[in-house]
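Chemist: Take this structure, written in structure tokens, and hold onto it; I'll ask about it next.
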Amino acid sequence: MHDLWVKFHNLVNESPSIPILFGLGTVYLSYYLLYVGKKPYIAAKQGGYLQKFVLKYCPSVQKKFWPTFWCFEARAQTILRALLQKGPKFDYTESEPLSLPDGGQVKLDWYCDEKKDDPKQPTVLILPGLTGSSDDCYIRIFVKITADLGYRAVVFNNRGNGGAKLMTPRTYCAADTADLEQVVSHISKKYKDAPLMAMGISLGGMILYNYCARIGGDCPFVGAMIVSVAWNPIKSSLTLEKPLDCFLFNRMLAKSLVEKIQKNMEMFEDQFDVGHILKSSTIREFDERFTSKMFGFASCEAYYQQASLHDKIHQIKIPVLSLNAADDPFSLLETIPVKEMEANDNIACVITSHGGHIGFLDGLWPRRHTYMNRLYAEFVQAVFSHGDELVQS
């Protein structure tokens, strides 16, 4: 032991940088232990049925969330989730094109354990993010979790996404729920005796939430979960135009949206200034030049106002669990309507101090399951196993 200490002492003397690195490491570790790992805050009506339900059946919310030690910063969480995570490999049980009343098409990708498949098997409808589809790793993870719990999963691929052909000059947006209404109606008829739940991520969560708010008490879902939604798109769009966030996220997403228009130029040339749309370098520019006009809004701001979630809390009539990170660059903490949530018994928002946008990475090497995935599994299992408590409430 003495010899080891002597060797260490000599090494330090020969390498002056070691004490500096050791000191920096100590500061980093101290900061992480004291300020990073925290229990999430639950914005919900105190003593309400949903708050009690979540606390009882979702143990993750009562533990500290320890984001991955070496990448707990919001942008690192957001980017590295996409780079590190590997989705499980499987073939969807069925890929079903669904024709819509206007001639458009979406695609439903179904998956379940065929041995357990029956008409009454509970089903989870999953809505991907802005440019996402059933092929994305985070969606495949949610699908596999659902099947492993013994339930059926179905992914709703928006027009032009995930193999859904763009048949008409119409796409999708956060404020339009018409396509989702058709999808829900189709699923309800196909499995009329199966309890139906829904899960939406980012833009998919916004569409899902707006659907629940619009339908109100007639909503057919026994429960819903949304992750990393932008509660106030007007403020979110401004934040995403700050230099670093614009470089890391905004321009990349805008480029993906522009490429879809470019691939289907012949669909839109008669209705839009396609050349102007193709020059869009941010999401807001794209929404101003294309999305808002596509759906009949006077401006991008009018579209964002209609798509906003923060002012519709009172319209939610079914149990909705939200997961947001306080440092999400797509959804500022100040935009989460905490006070309104604490006045409505039907919604609960789990707010972690870190996690970024669809990140929530924890563990030393987070390649598969994350805090987001665990909370999803707990809530789905709770809703389908103890849903009678929600109905009674």
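Labels for the structure tokens follow display order: chains A, B, ..., residues from 1 in each chain, ligands from 1.
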I'd like the contact shell of Tyr376 (chain A) - 8 Å cut-off, only C-alpha atoms, skipping same-chain residues fewer than 3 positions apart - returned as a list of chain:residue names.

Modeler: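 Surrounding residues, per the criterion: A:Phe142, A:Met225, A:Met372, A:Asn373, A:Phe379, A:Val380.
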
Chemist: Identify, on the basis of only C-alpha atoms, every residue whose closest approach to Val155 (chain A) does not exceed 6 Å; exclude the query and any residue fewer than 6 positions from it along the same chain; express the result as a count of residues only.

Modeler: 5

Chemist: Listing only residues of region 153-222 of chain A within 12 Å of region 333-346 of chain A, what is the closest atom pair and its distance in Å (to one decimal) for each, using only C-alpha atoms, sorted by chain and residue number ascending, as CSV?

Modeler:
residue,atom,partner,partner_atom,distance
A:Cys212,CA,A:Asn346,CA,11.3
A:Ala213,CA,A:Asn346,CA,11.3
A:Gly216,CA,A:Asn346,CA,11.1
A:Gly217,CA,A:Asn346,CA,11.1
A:Val222,CA,A:Asn346,CA,11.7

Chemist: Those same residues, written as a PDB file, in the first residue's frame with C-alpha atoms?

Modeler:
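Dumped to part.pdb:
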ATOM      1  CA  CYS A 212     -58.448  15.477 -26.204  1.00  0.00           C
ATOM      2  CA  ALA A 213     -59.220  19.129 -25.483  1.00  0.00           C
ATOM      3  CA  GLY A 216     -63.676  16.809 -24.075  1.00  0.00           C
ATOM      4  CA  GLY A 217     -65.857  14.343 -22.206  1.00  0.00           C
ATOM      5  CA  VAL A 222     -59.074   5.582 -21.022  1.00  0.00           C
TER       6      VAL A 222
END

Chemist: Could you go through region 15-227 of chain A and tell me which residues DSSP, when run on the backbone, assigns to strand (DSSP E), listing them as a CSV table (one decimal) with C-alpha atoms, in the first residue's frame?

Modeler:
chain,number,residue,atom,x,y,z
A,41,TYR,CA,-42.0,18.1,-9.4
A,42,ILE,CA,-45.5,17.0,-10.1
A,43,ALA,CA,-47.9,19.7,-11.2
A,94,GLU,CA,-49.2,-5.4,-39.9
A,95,SER,CA,-48.7,-2.2,-41.9
A,96,GLU,CA,-52.1,-0.8,-42.8
A,97,PRO,CA,-52.6,2.2,-45.2
A,98,LEU,CA,-55.7,4.1,-44.1
A,99,SER,CA,-57.5,6.2,-46.7
A,105,GLN,CA,-53.5,8.5,-46.7
A,106,VAL,CA,-51.9,7.8,-43.4
A,107,LYS,CA,-50.3,4.5,-42.3
A,108,LEU,CA,-50.9,2.5,-39.2
A,109,ASP,CA,-48.1,0.1,-38.1
A,110,TRP,CA,-49.4,-2.5,-35.7
A,111,TYR,CA,-47.4,-4.7,-33.3
A,123,THR,CA,-54.3,-1.0,-27.3
A,124,VAL,CA,-51.9,2.0,-27.2
A,125,LEU,CA,-52.0,4.5,-30.1
A,126,ILE,CA,-48.5,6.1,-30.5
A,127,LEU,CA,-48.0,9.5,-32.2
A,152,ARG,CA,-51.1,-4.1,-28.6
A,153,ALA,CA,-49.3,-1.0,-30.1
A,154,VAL,CA,-50.2,0.9,-33.2
A,155,VAL,CA,-48.1,3.8,-34.6
A,156,PHE,CA,-49.9,6.6,-36.4
A,157,ASN,CA,-47.6,7.7,-39.3
A,196,LEU,CA,-57.7,2.3,-26.0
A,197,MET,CA,-55.0,4.6,-24.6
A,198,ALA,CA,-52.8,7.1,-26.5
A,199,MET,CA,-49.2,8.4,-26.3
A,200,GLY,CA,-47.8,11.4,-28.1
A,201,ILE,CA,-44.3,12.7,-28.3
A,223,GLY,CA,-55.9,7.7,-20.5
A,224,ALA,CA,-53.2,9.5,-22.4
A,225,MET,CA,-49.6,10.5,-22.0
A,226,ILE,CA,-47.7,13.3,-23.7
A,227,VAL,CA,-43.9,13.8,-23.7

Chemist: CA of Asp273 (chain A) to CA of Gly132 (chain A): how many Å, to one decimal?

Modeler: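 About the pair CA of Asp273 (chain A) and CA of Gly132 (chain A): they are 25.6 Å apart.
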
Chemist: With 10 Å as the cut-off and only C-alpha atoms counted, what is the closest atom pair between each nearby residue of region 128-242 of chain A and region 303-313 of chain A? Distances in Å to one decimal, ordered by chain and number, as CSV.

Modeler:
residue,atom,partner,partner_atom,distance
A:Cys173,CA,A:Ala307,CA,8.4
A:Ala174,CA,A:Ala307,CA,5.5
A:Ala175,CA,A:Ala307,CA,4.3
A:Asp176,CA,A:Ala307,CA,8.1
A:Leu203,CA,A:Ala307,CA,9.9
A:Met206,CA,A:Leu309,CA,7.2
A:Ile207,CA,A:Ala307,CA,8.2
A:Tyr209,CA,A:Leu309,CA,7.3
A:Asn210,CA,A:Leu309,CA,7.0
A:Cys212,CA,A:Lys312,CA,9.9
A:Ala213,CA,A:Lys312,CA,6.5
A:Arg214,CA,A:Lys312,CA,9.0
A:Val229,CA,A:Leu309,CA,8.7
A:Ala230,CA,A:Leu309,CA,7.7
A:Trp231,CA,A:Leu309,CA,4.9
A:Asn232,CA,A:Ser308,CA,5.2
A:Pro233,CA,A:Tyr304,CA,5.5
A:Ile234,CA,A:Tyr304,CA,5.8
A:Lys235,CA,A:Tyr304,CA,9.4
A:Ser236,CA,A:Tyr304,CA,9.9
A:Ser237,CA,A:Tyr304,CA,9.2

Chemist: Out of A:Leu375, A:Ser185, A:Glu269, A:Pro319, which residue has the shortest atom-to-atom distance to Gln62 (chain A) when counting only C-alpha atoms?

Modeler: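 Result for the nearest residue to Gln62 (chain A): A:Leu375.
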
Chemist: Just checking: using only C-alpha atoms, which residue out of A:Leu238, A:Gly150, A:Leu80, A:Ala74 ends up closest to Arg367 (chain A)?

Modeler: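 Going through A:Leu238, A:Gly150, A:Leu80, A:Ala74 one by one, the smallest distance to Arg367 (chain A) is for A:Leu80.
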